[in-house]
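input_25.cif follows (mmCIF, C-alpha atoms):
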```cif
data_data
loop_
_atom_site.label_atom_id
_atom_site.label_comp_id
_atom_site.auth_asym_id
_atom_site.auth_seq_id
_atom_site.Cartn_x
_atom_site.Cartn_y
_atom_site.Cartn_z
CA MET S 1 88.70 104.38 117.02
CA ARG S 2 91.52 106.89 117.09
CA ILE S 3 93.83 106.08 114.16
CA ALA S 4 97.19 107.53 113.15
CA VAL S 5 97.94 107.39 109.42
CA ILE S 6 101.56 107.81 108.35
CA ASP S 7 102.33 108.37 104.66
CA TYR S 8 104.49 110.47 102.34
CA ARG S 9 101.86 112.17 100.16
CA ILE S 10 98.16 111.85 100.90
CA VAL S 11 96.98 113.65 97.79
CA ARG S 12 94.69 112.74 94.91
CA THR S 13 97.48 112.32 92.38
CA ASN S 14 99.48 109.81 94.43
CA PRO S 15 98.54 106.11 93.95
CA ILE S 16 98.69 105.05 97.61
CA GLY S 17 98.04 108.51 99.01
CA GLY S 18 94.92 108.86 96.89
CA CYS S 19 93.56 105.64 98.41
CA HIS S 20 94.39 106.86 101.90
CA LEU S 21 92.68 110.17 101.10
CA LYS S 22 89.43 108.47 100.10
CA MET S 23 89.55 106.14 103.07
CA ILE S 24 90.19 108.93 105.59
CA GLY S 25 87.64 111.27 104.06
CA GLY S 26 85.00 108.55 103.75
CA LEU S 27 85.38 107.29 107.32
CA SER S 28 86.15 110.55 109.16
CA GLY S 29 82.63 110.57 110.55
CA GLU S 30 83.19 107.15 112.15
CA HIS S 31 86.82 107.33 113.34
CA ARG S 32 89.16 110.09 114.50
CA PHE S 33 92.22 110.32 112.23
CA THR S 34 95.54 112.03 112.80
CA VAL S 35 97.70 112.22 109.68
CA PHE S 36 101.49 112.42 109.79
CA ALA S 37 102.71 113.39 106.31
CA PRO S 38 104.74 115.98 104.41
CA GLU S 39 101.74 116.55 102.07
CA PHE S 40 98.04 116.14 102.85
CA GLU S 41 94.91 117.45 101.12
CA ASN S 42 92.79 117.51 104.26
CA PRO S 43 89.15 116.81 103.32
CA ASP S 44 87.76 117.55 106.81
CA PRO S 45 90.04 119.81 108.93
CA GLY S 46 87.42 119.95 111.68
CA ARG S 47 87.73 116.23 112.39
CA ILE S 48 91.10 115.27 110.91
CA ASP S 49 94.34 116.48 112.48
CA TRP S 50 97.41 116.93 110.31
CA VAL S 51 100.97 116.91 111.56
CA ARG S 52 103.14 118.23 108.75
CA VAL S 53 106.41 116.29 108.62
CA ALA S 54 109.21 118.41 107.18
CA CYS S 55 111.74 116.34 105.25
CA PRO S 56 113.39 116.28 101.80
CA ARG S 57 111.16 114.74 99.11
CA ARG S 58 113.66 113.93 96.37
CA PRO S 59 115.29 111.62 95.59
CA LEU S 60 113.01 108.93 96.99
CA ALA S 61 115.88 107.03 98.59
CA LEU S 62 116.77 110.14 100.62
CA LEU S 63 113.11 110.63 101.53
CA PHE S 64 112.96 107.03 102.75
CA VAL S 65 115.96 107.47 105.08
CA ALA S 66 114.92 110.94 106.29
CA PHE S 67 111.35 109.83 107.00
CA HIS S 68 112.56 106.87 109.06
CA LEU S 69 114.75 109.19 111.14
CA MET S 70 112.43 112.16 111.55
CA LEU S 71 108.92 110.70 111.77
CA PRO S 72 109.32 109.20 115.29
CA PHE S 73 110.10 112.66 116.72
CA TYR S 74 106.94 114.14 115.21
CA TYR S 75 104.87 111.17 116.32
CA TRP S 76 106.00 111.12 119.95
CA ALA S 77 105.97 114.92 120.24
CA TYR S 78 102.32 114.91 119.17
CA ARG S 79 101.41 112.13 121.60
CA LEU S 80 103.13 113.82 124.52
CA ARG S 81 101.78 117.25 123.74
CA HIS S 82 98.17 116.14 123.27
CA ARG S 83 98.33 113.22 125.72
CA VAL S 84 96.66 110.85 123.29
CA ARG S 85 96.92 107.15 122.66
CA PHE S 86 96.09 105.71 119.26
CA ASP S 87 94.04 102.54 118.87
CA ALA S 88 95.90 101.80 115.63
CA VAL S 89 98.90 103.19 113.78
CA GLN S 90 98.78 102.66 110.02
CA VAL S 91 101.88 103.04 107.86
CA VAL S 92 102.74 102.55 104.19
CA GLU S 93 104.85 99.52 103.29
CA SER S 94 108.22 99.69 105.07
CA ASN S 95 108.40 103.50 105.18
CA VAL S 96 108.31 103.48 109.00
CA SER S 97 109.77 100.94 111.43
CA PHE S 98 106.83 100.86 113.87
CA GLY S 99 103.06 100.59 113.73
CA ASP S 100 100.16 98.16 113.79
CA ILE S 101 98.95 98.10 110.17
CA ALA S 102 101.00 98.20 106.99
CA TYR S 103 99.20 99.37 103.85
CA VAL S 104 101.23 97.64 101.14
CA HIS S 105 101.00 98.35 97.41
CA PHE S 106 104.34 96.90 96.31
CA CYS S 107 106.65 94.03 97.16
CA HIS S 108 110.03 95.60 96.58
CA ARG S 109 112.09 92.46 97.16
CA ALA S 110 110.06 90.45 94.66
CA PHE S 111 110.23 93.27 92.13
CA LEU S 112 114.01 93.58 92.36
CA ARG S 113 114.50 89.84 92.18
CA LYS S 114 112.08 89.10 89.35
CA ARG S 115 111.38 92.25 87.36
CA TRP S 116 114.05 94.91 87.72
CA ASP S 117 116.38 93.57 85.05
CA GLY S 118 113.65 93.78 82.43
CA SER S 119 112.22 97.13 83.44
CA GLY S 120 114.99 99.22 84.98
CA GLY S 121 116.85 101.91 83.07
CA LYS S 122 120.52 102.82 83.22
CA GLY S 123 120.52 106.54 84.03
CA VAL S 124 121.16 108.41 87.27
CA ARG S 125 117.42 108.66 87.95
CA ASP S 126 117.13 104.89 87.66
CA LEU S 127 120.07 104.39 90.03
CA PHE S 128 118.25 106.43 92.69
CA ARG S 129 115.09 104.46 91.95
CA TRP S 130 116.95 101.17 92.45
CA CYS S 131 118.34 102.49 95.76
CA ASP S 132 114.81 103.30 96.91
CA HIS S 133 113.58 99.80 96.03
CA TYR S 134 116.63 98.27 97.72
CA LEU S 135 116.10 100.20 100.97
CA HIS S 136 112.42 99.23 101.03
CA ALA S 137 113.31 95.59 100.39
CA LEU S 138 115.92 95.69 103.14
CA MET S 139 113.36 96.87 105.69
CA GLU S 140 110.38 94.79 104.55
CA PRO S 141 111.03 91.64 106.63
CA PHE S 142 111.83 93.67 109.75
CA VAL S 143 108.76 95.91 109.47
CA TYR S 144 106.27 93.22 108.40
CA ARG S 145 107.23 90.98 111.31
CA ARG S 146 106.30 93.81 113.69
CA MET S 147 102.95 94.56 112.06
CA LYS S 148 99.76 93.02 113.39
CA LYS S 149 97.92 93.38 110.07
CA ILE S 150 98.86 93.96 106.44
CA VAL S 151 96.36 95.38 103.94
CA VAL S 152 96.91 94.89 100.21
CA PRO S 153 94.83 95.92 97.17
CA SER S 154 94.85 92.61 95.28
CA ARG S 155 94.95 88.87 95.78
CA GLY S 156 97.97 88.69 93.50
CA LEU S 157 100.02 90.90 95.79
CA ALA S 158 98.80 88.87 98.77
CA ARG S 159 100.18 85.71 97.13
CA GLU S 160 103.45 87.43 96.34
CA LEU S 161 103.95 88.71 99.88
CA GLN S 162 103.22 85.28 101.32
CA ALA S 163 105.72 83.70 98.94
CA GLU S 164 108.45 86.20 99.88
CA TYR S 165 107.58 86.39 103.59
CA PRO S 166 105.65 83.29 104.71
CA PHE S 167 105.16 84.75 108.22
CA THR S 168 102.73 87.31 106.74
CA ALA S 169 100.14 84.69 105.71
CA ASP S 170 97.84 85.16 108.71
CA LYS S 171 98.19 88.95 108.73
CA ILE S 172 97.03 89.83 105.22
CA HIS S 173 93.66 91.38 104.35
CA VAL S 174 92.64 92.36 100.81
CA VAL S 175 90.82 95.67 100.27
CA SER S 176 90.61 96.51 96.56
CA ASN S 177 91.41 100.08 95.57
CA PRO S 178 88.56 102.45 94.69
CA VAL S 179 87.61 103.17 91.09
CA ASP S 180 85.36 106.15 90.39
CA VAL S 181 83.27 104.07 88.01
CA GLU S 182 80.48 106.60 87.54
CA ARG S 183 82.87 109.44 86.71
CA MET S 184 84.48 107.34 83.97
CA HIS S 185 81.23 106.89 82.04
CA ARG S 186 81.39 109.05 78.93
CA PRO S 187 78.74 111.82 79.13
CA GLU S 188 76.47 112.51 76.18
CA THR S 189 77.78 116.08 76.08
CA PHE S 190 81.35 114.94 75.33
CA ASP S 191 82.22 115.85 71.73
CA ARG S 192 84.39 112.87 70.84
CA PRO S 193 85.08 113.81 67.19
CA GLN S 194 86.14 117.33 68.17
CA PHE S 195 88.43 116.10 70.96
CA ARG S 196 90.03 113.57 68.61
CA ARG S 197 90.65 116.32 66.06
CA SER S 198 92.33 118.39 68.78
CA LEU S 199 94.75 115.48 69.22
CA GLY S 200 95.50 115.40 65.50
CA LEU S 201 93.55 112.18 64.92
CA ALA S 202 91.85 111.47 61.62
CA ASP S 203 88.49 109.72 61.39
CA ASP S 204 90.10 106.48 60.20
CA ASP S 205 92.88 106.47 62.84
CA THR S 206 92.93 103.90 65.62
CA ALA S 207 93.91 105.69 68.84
CA LEU S 208 95.76 103.70 71.49
CA ILE S 209 95.99 105.30 74.94
CA PHE S 210 99.00 104.80 77.22
CA SER S 211 98.85 106.53 80.60
CA ALA S 212 101.27 106.56 83.52
CA LEU S 213 102.43 109.11 86.07
CA GLY S 214 106.00 107.94 85.62
CA HIS S 215 108.21 104.84 85.63
CA PHE S 216 107.75 104.44 81.86
CA GLU S 217 110.30 101.63 81.70
CA ARG S 218 108.46 99.54 84.30
CA LYS S 219 105.17 100.29 82.58
CA GLY S 220 106.48 98.76 79.35
CA PHE S 221 106.46 101.91 77.25
CA PRO S 222 109.70 101.04 75.38
CA LEU S 223 108.14 97.69 74.39
CA LEU S 224 105.07 99.48 73.05
CA LEU S 225 107.19 101.84 70.96
CA ASP S 226 109.22 98.96 69.51
CA ALA S 227 106.04 97.04 68.65
CA LEU S 228 104.49 100.12 67.06
CA GLY S 229 107.61 100.59 64.96
CA GLN S 230 107.44 97.00 63.74
CA GLN S 231 103.74 97.17 62.96
CA LYS S 232 104.30 99.89 60.35
CA ASP S 233 100.69 101.09 60.20
CA PRO S 234 100.50 104.90 59.93
CA HIS S 235 96.83 104.88 60.97
CA VAL S 236 97.63 103.46 64.40
CA LYS S 237 98.28 106.42 66.69
CA LEU S 238 99.51 106.41 70.29
CA ILE S 239 98.43 109.07 72.78
CA VAL S 240 100.77 109.21 75.78
CA VAL S 241 99.29 110.73 78.94
CA GLY S 242 101.57 111.55 81.88
CA GLY S 243 105.28 111.51 82.48
CA ARG S 244 107.74 113.99 83.96
CA ASP S 245 109.26 116.50 81.56
CA ASP S 246 112.71 114.88 81.56
CA ALA S 247 111.30 111.42 80.83
CA VAL S 248 109.07 112.75 78.07
CA ALA S 249 112.02 114.59 76.49
CA HIS S 250 114.02 111.36 76.46
CA TYR S 251 111.21 109.44 74.80
CA ARG S 252 110.53 112.16 72.24
CA GLN S 253 114.04 111.54 70.98
CA ARG S 254 113.44 107.80 70.90
CA VAL S 255 110.18 108.27 68.99
CA GLU S 256 112.00 110.33 66.36
CA ALA S 257 114.76 107.74 66.09
CA LEU S 258 112.14 105.03 65.46
CA GLY S 259 110.43 107.13 62.79
CA LEU S 260 107.21 107.38 64.81
CA LYS S 261 106.96 111.16 65.21
CA GLU S 262 103.70 111.30 63.23
CA GLN S 263 102.15 108.42 65.19
CA VAL S 264 102.99 109.27 68.81
CA LYS S 265 101.66 112.31 70.64
CA PHE S 266 102.71 113.26 74.18
CA VAL S 267 100.12 115.31 76.06
CA GLY S 268 101.97 115.45 79.40
CA MET S 269 100.56 115.31 82.92
CA GLN S 270 96.80 115.74 83.13
CA GLN S 271 94.53 116.31 86.11
CA ASP S 272 91.84 114.24 84.40
CA VAL S 273 92.66 111.33 82.10
CA SER S 274 89.03 110.54 81.28
CA PRO S 275 88.67 112.66 78.08
CA TYR S 276 91.64 110.86 76.56
CA LEU S 277 90.14 107.48 77.40
CA TRP S 278 86.79 108.56 75.90
CA ALA S 279 88.60 109.62 72.72
CA GLY S 280 90.58 106.39 72.42
CA ASP S 281 89.86 103.06 70.77
CA ALA S 282 91.89 100.91 73.20
CA PHE S 283 94.04 101.23 76.30
CA VAL S 284 97.49 99.61 76.24
CA LEU S 285 99.75 98.85 79.22
CA PRO S 286 102.39 96.10 78.74
CA SER S 287 103.69 96.64 82.29
CA HIS S 288 106.38 94.53 83.90
CA TYR S 289 104.91 94.94 87.38
CA GLU S 290 101.70 96.32 88.90
CA THR S 291 99.74 95.55 92.04
CA PHE S 292 96.59 97.52 91.19
CA SER S 293 96.82 99.64 88.05
CA LEU S 294 94.09 102.23 88.66
CA VAL S 295 94.22 103.62 85.13
CA SER S 296 93.58 100.14 83.69
CA PHE S 297 90.40 99.90 85.77
CA GLU S 298 89.44 103.43 84.73
CA ALA S 299 89.95 102.54 81.06
CA ALA S 300 87.70 99.51 81.46
CA ALA S 301 85.10 101.65 83.26
CA ALA S 302 85.24 104.01 80.26
CA GLU S 303 84.26 101.01 78.06
CA LEU S 304 87.66 100.75 76.39
CA PRO S 305 89.08 97.39 75.34
CA VAL S 306 92.20 96.85 77.45
CA LEU S 307 95.44 95.37 76.11
CA VAL S 308 97.50 94.55 79.19
CA SER S 309 100.04 92.18 80.63
CA SER S 310 98.73 89.85 83.34
CA PHE S 311 99.73 91.85 86.41
CA HIS S 312 98.37 91.78 89.95
CA GLY S 313 94.95 93.29 90.46
CA PHE S 314 93.77 93.47 86.88
CA GLU S 315 94.34 89.75 86.44
CA GLU S 316 91.19 89.36 88.55
CA VAL S 317 89.22 91.28 85.90
CA VAL S 318 90.62 90.66 82.42
CA SER S 319 89.76 87.55 80.38
CA ASP S 320 91.75 87.21 77.18
CA GLY S 321 89.56 87.61 74.12
CA LEU S 322 86.46 88.39 76.18
CA ASN S 323 86.91 91.82 77.77
CA GLY S 324 90.51 92.46 76.79
CA ILE S 325 93.69 91.06 75.29
CA VAL S 326 96.40 89.69 77.54
CA MET S 327 100.06 89.86 76.51
CA GLU S 328 103.49 89.24 77.96
CA PRO S 329 105.85 92.15 78.66
CA ASN S 330 107.99 91.63 75.58
CA THR S 331 107.97 93.23 72.13
CA ALA S 332 106.82 90.15 70.21
CA SER S 333 103.82 89.61 72.49
CA VAL S 334 102.85 93.29 72.39
CA LEU S 335 103.02 93.25 68.60
CA THR S 336 100.80 90.16 68.48
CA ALA S 337 98.27 91.84 70.78
CA LEU S 338 98.17 94.96 68.60
CA ARG S 339 97.61 92.86 65.48
CA ARG S 340 94.84 90.89 67.19
CA PHE S 341 93.09 94.10 68.12
CA MET S 342 93.47 95.66 64.68
CA ALA S 343 91.93 92.53 63.13
CA MET S 344 88.73 92.99 65.18
CA ARG S 345 85.64 94.59 63.65
CA PRO S 346 84.32 97.83 65.22
CA ASP S 347 81.32 96.02 66.72
CA GLN S 348 83.62 93.41 68.31
CA ARG S 349 85.76 96.15 69.87
CA LYS S 350 82.67 97.88 71.20
CA GLU S 351 81.34 94.68 72.74
CA MET S 352 84.73 93.94 74.32
CA GLY S 353 84.70 97.40 75.91
CA LYS S 354 81.20 96.91 77.27
CA ARG S 355 82.18 93.62 78.89
CA ALA S 356 85.24 95.29 80.44
CA GLU S 357 83.04 98.04 81.89
CA ALA S 358 80.59 95.52 83.36
CA GLU S 359 83.42 93.60 85.05
CA VAL S 360 84.94 96.56 86.92
CA GLY S 361 81.65 97.89 88.28
CA ARG S 362 82.19 96.21 91.65
CA TYR S 363 85.41 98.17 92.27
CA ASN S 364 83.58 101.33 93.29
CA THR S 365 84.28 103.72 96.14
CA ALA S 366 81.35 102.44 98.23
CA ASN S 367 82.77 98.91 98.24
CA PHE S 368 86.25 100.28 99.00
CA LEU S 369 84.93 102.13 102.08
CA ALA S 370 82.91 99.08 103.12
CA GLY S 371 86.08 97.00 102.96
CA TRP S 372 87.96 99.41 105.23
CA ARG S 373 84.98 99.75 107.55
CA ASN S 374 84.81 95.97 107.98
CA PHE S 375 88.56 95.79 108.49
CA PHE S 376 88.59 98.40 111.26
CA GLU S 377 85.60 96.75 112.92
CA HIS S 378 87.48 93.45 112.84
CA ILE S 379 90.63 94.79 114.48
CA TYR S 380 88.52 96.69 117.03
CA ARG S 381 86.72 93.47 118.00
CA VAL S 382 90.00 91.57 118.19
CA ALA S 383 91.56 94.29 120.37
CA GLY S 384 88.52 94.30 122.66
CA HIS S 385 88.66 90.54 123.00
CA GLU S 386 92.36 90.61 123.88
CA GLU S 387 91.78 93.31 126.52
CA ALA S 388 88.95 91.26 128.04
CA VAL S 389 91.15 88.16 128.19
CA ASN S 390 94.06 90.10 129.74
CA ALA S 391 91.72 91.66 132.33
CA HIS S 392 90.79 88.20 133.64
CA ARG S 393 94.29 86.77 133.69
CA PRO S 394 95.83 86.27 137.15
CA VAL S 395 98.70 88.57 137.93
#
```
Is it possible to express this structure as C-alpha cells?
Amino acid sequence: MRIAVIDYRIVRTNPIGGCHLKMIGGLSGEHRFTVFAPEFENPDPGRIDWVRVACPRRPLALLFVAFHLMLPFYYWAYRLRHRVRFDAVQVVESNVSFGDIAYVHFCHRAFLRKRWDGSGGKGVRDLFRWCDHYLHALMEPFVYRRMKKIVVPSRGLARELQAEYPFTADKIHVVSNPVDVERMHRPETFDRPQFRRSLGLADDDTALIFSALGHFERKGFPLLLDALGQQKDPHVKLIVVGGRDDAVAHYRQRVEALGLKEQVKFVGMQQDVSPYLWAGDAFVLPSHYETFSLVSFEAAAAELPVLVSSFHGFEEVVSDGLNGIVMEPNTASVLTALRRFMAMRPDQRKEMGKRAEAEVGRYNTANFLAGWRNFFEHIYRVAGHEEAVNAHRPV
C-alpha cells in the first residue's frame, strides 16, 4: 500500500510522533510511506519520502490553525507533481480536516468537560493550552465523521470516544502503543548505589520517581507535592524527570514554599529516563488524564512498583495491591497511597515490581507492529472488496 502519514512531529521524543516513527520504520519494507510533517526523523530515506511542512510551531493553538490551512497545499502539490494516489491517508486526531484514518491519542472534548477544571492552570501558557484543546474539540466531530477508521492506543480511550461520539463505534480499532520492554531491564553493569549517590540519595532514602515531558498540572504533580508536604518524612525523596525550564522554575519556587527543598530534586529533560527508574524505589503519577502513559509502562518494565491513578491504558495493567497501588487524583488519595507503599516491606515492594514487569511484557514493539500490520491488511482487504463490488455494479 502507498500511505500518506500527516503529523506535527514524528520524532522519538514526541508521544504520538514516536509511535508513528516506530510504525513507519518497522513497516517501511512492506508499505510505501510519504510523510507530511514539520519535523521527521526519517529512519529510511531510501524508501520513505518526507514533505517538510513549514509552519509556526508555538503556541500549539496557532500550529493547529496554521497546519489546517497550509497542509492541503503541500499535500495536493505533492500529488500533482509526482502524479501519485495514496491508498490511505492517516492523520493525527483532528489536526487535519481530511483523510481516511485518524490516529487518536486524546479525546479533547471529554478532557475539557470532565478534567480541565481539576488539572488546568491559570497562566498565559495554560490559556493557550486551553485554546488548543478547544480547537481540537471543535473539529473532532467534523473530522471523525469523515474518517473511515479510527485507531486508538487503549480500550479506555475507545470507550470514551464512543461515549462522546457514538457514530465512531464501528470505526475504532485498538493498537496498543509500543514499550521497549527489553531496554528497560536493568543491566548488571548499572551501578545503582553510585547513581543514587549522584542524585543526593542516602542508603536509607526511599526514592519516588515522577516523569513527564510537560503538562505537570494534568499529570498531578501539584497533588504529589502537597501529599509529600503532609507526609513529613525527610527520608522520602522525589526525583522529577522532565519539564520545560519555565515550568520547572515555577515548581522550584513552590517546592521551597512547601519546605521540600531537601526532598525534591529536578533533573530536567533527559534523553533516557531508564537510569532514574533503575535508581528509584517506586514510580508515582497521580494524573488527571492519560490515554496511554508510556513512562508508566516503562517504569513497570523496569520492575518498579507503580503508584498511579486509574487512567486509560494503564488501567488494563495495574491491579491495586498486586502489581501497583491505585489512587484518585486528589491529595488525600495520593497521601494514602504513599503511606501504603511506605508501610510495605522491601521484599513486598520487590515482588510488586516483578509482577508489574511480568504484566507489561506483552506491550512490546513486535506486538505493536503486528497490530498495525493486521490493521493495514484489514483495510486493504476491505478496499479490494469494495472495488470488486463496484466493478460489477451496473452503470
(message) Please determine, counting all atoms listed in the file, which residue among S:Arg244, S:Lys265, S:Lys232, S:Lys237 has the shortest atom-to-atom distance to Leu335 of chain S.
(response) S:Lys232
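When all atoms listed in the file are used to compute distances to Gln194 of chain S, the closest of the residues S:Gly313, S:Gly361, S:Pro275, S:Gly259 turns out to be S:Pro275.
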(request) Evaluate the PyMOL selection byres ((chain S and resi 3) around 12) and record the selected residues as a PyMOL selection string, following the chain and residue labels used in the document. (result) chain S and resi 1-2+4-6+23-24+27-28+30-36+47-49+84-91+99-101+376+379-380
(message) Can you pull out the residues contacting Leu112 of chain S? Cut-off 12 Å, using only C-alpha atoms, and skip same-chain residues under 3 positions away; I want them as a ChimeraX atom specification.
(response) /S:106-109,115-120,129-138,164,218,288-289
(request) Convert the output of the PyMOL selection byres ((chain S and resi 279) around 8) on the shown file into explicit residues, formatted as a PyMOL selection string. (result) chain S and resi 192-193+195-196+207+275-278+280-281
(message) as an MDAnalysis selection string, please: the residues near segment 214-216 of chain S (cut-off 12 Å, all atoms listed in the file, same-chain neighbours under 2 positions excluded).
(response) chainID S and resid 13:15 116 119:121 125:126 129:130 210:212 218:225 240:248 250:251 268:269 285:290
Keeping C-alpha atoms, export the residues of the selection given above as a CSV table (one decimal), in the coordinates of the input.
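Produced file selection09.csv, reproduced below:
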```
chain,number,residue,atom,x,y,z
S,13,THR,CA,97.5,112.3,92.4
S,14,ASN,CA,99.5,109.8,94.4
S,15,PRO,CA,98.5,106.1,94.0
S,116,TRP,CA,114.0,94.9,87.7
S,119,SER,CA,112.2,97.1,83.4
S,120,GLY,CA,115.0,99.2,85.0
S,121,GLY,CA,116.8,101.9,83.1
S,125,ARG,CA,117.4,108.7,88.0
S,126,ASP,CA,117.1,104.9,87.7
S,129,ARG,CA,115.1,104.5,92.0
S,130,TRP,CA,117.0,101.2,92.4
S,210,PHE,CA,99.0,104.8,77.2
S,211,SER,CA,98.8,106.5,80.6
S,212,ALA,CA,101.3,106.6,83.5
S,218,ARG,CA,108.5,99.5,84.3
S,219,LYS,CA,105.2,100.3,82.6
S,220,GLY,CA,106.5,98.8,79.4
S,221,PHE,CA,106.5,101.9,77.2
S,222,PRO,CA,109.7,101.0,75.4
S,223,LEU,CA,108.1,97.7,74.4
S,224,LEU,CA,105.1,99.5,73.0
S,225,LEU,CA,107.2,101.8,71.0
S,240,VAL,CA,100.8,109.2,75.8
S,241,VAL,CA,99.3,110.7,78.9
S,242,GLY,CA,101.6,111.6,81.9
S,243,GLY,CA,105.3,111.5,82.5
S,244,ARG,CA,107.7,114.0,84.0
S,245,ASP,CA,109.3,116.5,81.6
S,246,ASP,CA,112.7,114.9,81.6
S,247,ALA,CA,111.3,111.4,80.8
S,248,VAL,CA,109.1,112.8,78.1
S,250,HIS,CA,114.0,111.4,76.5
S,251,TYR,CA,111.2,109.4,74.8
S,268,GLY,CA,102.0,115.4,79.4
S,269,MET,CA,100.6,115.3,82.9
S,285,LEU,CA,99.8,98.8,79.2
S,286,PRO,CA,102.4,96.1,78.7
S,287,SER,CA,103.7,96.6,82.3
S,288,HIS,CA,106.4,94.5,83.9
S,289,TYR,CA,104.9,94.9,87.4
S,290,GLU,CA,101.7,96.3,88.9
```
(message) I'd like the contact shell of His68 of chain S - 12 Å cut-off, all atoms listed in the file, skipping same-chain residues fewer than 2 positions apart - returned as a PyMOL selection string.
(response) chain S and resi 6-8+53+55-56+61-66+70-75+91-92+94-98+135-136+139+143
With C-alpha atoms retained, export the selected residues as a PDB file, in the frame of the given file.
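See part-v7.pdb below for the written result:
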```
ATOM      1  CA  ILE S   6     101.560 107.810 108.350  1.00  0.00           C
ATOM      2  CA  ASP S   7     102.330 108.370 104.660  1.00  0.00           C
ATOM      3  CA  TYR S   8     104.490 110.470 102.340  1.00  0.00           C
ATOM      4  CA  VAL S  53     106.410 116.290 108.620  1.00  0.00           C
ATOM      5  CA  CYS S  55     111.740 116.340 105.250  1.00  0.00           C
ATOM      6  CA  PRO S  56     113.390 116.280 101.800  1.00  0.00           C
ATOM      7  CA  ALA S  61     115.880 107.030  98.590  1.00  0.00           C
ATOM      8  CA  LEU S  62     116.770 110.140 100.620  1.00  0.00           C
ATOM      9  CA  LEU S  63     113.110 110.630 101.530  1.00  0.00           C
ATOM     10  CA  PHE S  64     112.960 107.030 102.750  1.00  0.00           C
ATOM     11  CA  VAL S  65     115.960 107.470 105.080  1.00  0.00           C
ATOM     12  CA  ALA S  66     114.920 110.940 106.290  1.00  0.00           C
ATOM     13  CA  MET S  70     112.430 112.160 111.550  1.00  0.00           C
ATOM     14  CA  LEU S  71     108.920 110.700 111.770  1.00  0.00           C
ATOM     15  CA  PRO S  72     109.320 109.200 115.290  1.00  0.00           C
ATOM     16  CA  PHE S  73     110.100 112.660 116.720  1.00  0.00           C
ATOM     17  CA  TYR S  74     106.940 114.140 115.210  1.00  0.00           C
ATOM     18  CA  TYR S  75     104.870 111.170 116.320  1.00  0.00           C
ATOM     19  CA  VAL S  91     101.880 103.040 107.860  1.00  0.00           C
ATOM     20  CA  VAL S  92     102.740 102.550 104.190  1.00  0.00           C
ATOM     21  CA  SER S  94     108.220  99.690 105.070  1.00  0.00           C
ATOM     22  CA  ASN S  95     108.400 103.500 105.180  1.00  0.00           C
ATOM     23  CA  VAL S  96     108.310 103.480 109.000  1.00  0.00           C
ATOM     24  CA  SER S  97     109.770 100.940 111.430  1.00  0.00           C
ATOM     25  CA  PHE S  98     106.830 100.860 113.870  1.00  0.00           C
ATOM     26  CA  LEU S 135     116.100 100.200 100.970  1.00  0.00           C
ATOM     27  CA  HIS S 136     112.420  99.230 101.030  1.00  0.00           C
ATOM     28  CA  MET S 139     113.360  96.870 105.690  1.00  0.00           C
ATOM     29  CA  VAL S 143     108.760  95.910 109.470  1.00  0.00           C
TER      30      VAL S 143
END
```
(message) Would you compute the distance between atom CA of Ile150 of chain S and atom CA of Val318 of chain S? Give it in Å to one decimal.
(response)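 About the pair atom CA of Ile150 of chain S and atom CA of Val318 of chain S: they are 25.6 Å apart.
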Model the absent atoms of segment 139-151 of chain S so that N, CA and C atoms are present, and write the result as a PDB file, in the coordinates of the input.
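Output (part07.pdb):
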```
ATOM      1  N   MET S 139     114.155  96.682 104.482  1.00  0.00           N
ATOM      2  CA  MET S 139     113.360  96.870 105.690  1.00  0.00           C
ATOM      3  C   MET S 139     112.086  96.024 105.730  1.00  0.00           C
ATOM      4  N   GLU S 140     111.659  95.511 104.595  1.00  0.00           N
ATOM      5  CA  GLU S 140     110.380  94.790 104.550  1.00  0.00           C
ATOM      6  C   GLU S 140     110.270  93.668 105.584  1.00  0.00           C
ATOM      7  N   PRO S 141     111.209  92.727 105.662  1.00  0.00           N
ATOM      8  CA  PRO S 141     111.030  91.640 106.630  1.00  0.00           C
ATOM      9  C   PRO S 141     110.997  92.131 108.076  1.00  0.00           C
ATOM     10  N   PHE S 142     111.800  93.136 108.390  1.00  0.00           N
ATOM     11  CA  PHE S 142     111.830  93.670 109.750  1.00  0.00           C
ATOM     12  C   PHE S 142     110.494  94.329 110.105  1.00  0.00           C
ATOM     13  N   VAL S 143     109.997  95.176 109.198  1.00  0.00           N
ATOM     14  CA  VAL S 143     108.760  95.910 109.470  1.00  0.00           C
ATOM     15  C   VAL S 143     107.560  94.972 109.481  1.00  0.00           C
ATOM     16  N   TYR S 144     107.463  94.065 108.514  1.00  0.00           N
ATOM     17  CA  TYR S 144     106.270  93.220 108.400  1.00  0.00           C
ATOM     18  C   TYR S 144     106.167  92.221 109.542  1.00  0.00           C
ATOM     19  N   ARG S 145     107.288  91.850 110.122  1.00  0.00           N
ATOM     20  CA  ARG S 145     107.230  90.980 111.310  1.00  0.00           C
ATOM     21  C   ARG S 145     106.601  91.718 112.498  1.00  0.00           C
ATOM     22  N   ARG S 146     106.812  93.033 112.555  1.00  0.00           N
ATOM     23  CA  ARG S 146     106.300  93.810 113.690  1.00  0.00           C
ATOM     24  C   ARG S 146     104.825  94.170 113.530  1.00  0.00           C
ATOM     25  N   MET S 147     104.325  94.144 112.306  1.00  0.00           N
ATOM     26  CA  MET S 147     102.950  94.560 112.060  1.00  0.00           C
ATOM     27  C   MET S 147     101.954  93.483 112.508  1.00  0.00           C
ATOM     28  N   LYS S 148     100.821  93.953 113.032  1.00  0.00           N
ATOM     29  CA  LYS S 148      99.760  93.020 113.390  1.00  0.00           C
ATOM     30  C   LYS S 148      98.925  92.638 112.169  1.00  0.00           C
ATOM     31  N   LYS S 149      98.721  93.603 111.260  1.00  0.00           N
ATOM     32  CA  LYS S 149      97.920  93.380 110.070  1.00  0.00           C
ATOM     33  C   LYS S 149      98.601  94.020 108.865  1.00  0.00           C
ATOM     34  N   ILE S 150      98.357  93.426 107.694  1.00  0.00           N
ATOM     35  CA  ILE S 150      98.860  93.960 106.440  1.00  0.00           C
ATOM     36  C   ILE S 150      97.689  94.031 105.461  1.00  0.00           C
ATOM     37  N   VAL S 151      97.445  95.209 104.901  1.00  0.00           N
ATOM     38  CA  VAL S 151      96.360  95.380 103.940  1.00  0.00           C
ATOM     39  C   VAL S 151      96.951  95.570 102.554  1.00  0.00           C
TER      40      VAL S 151
END
```
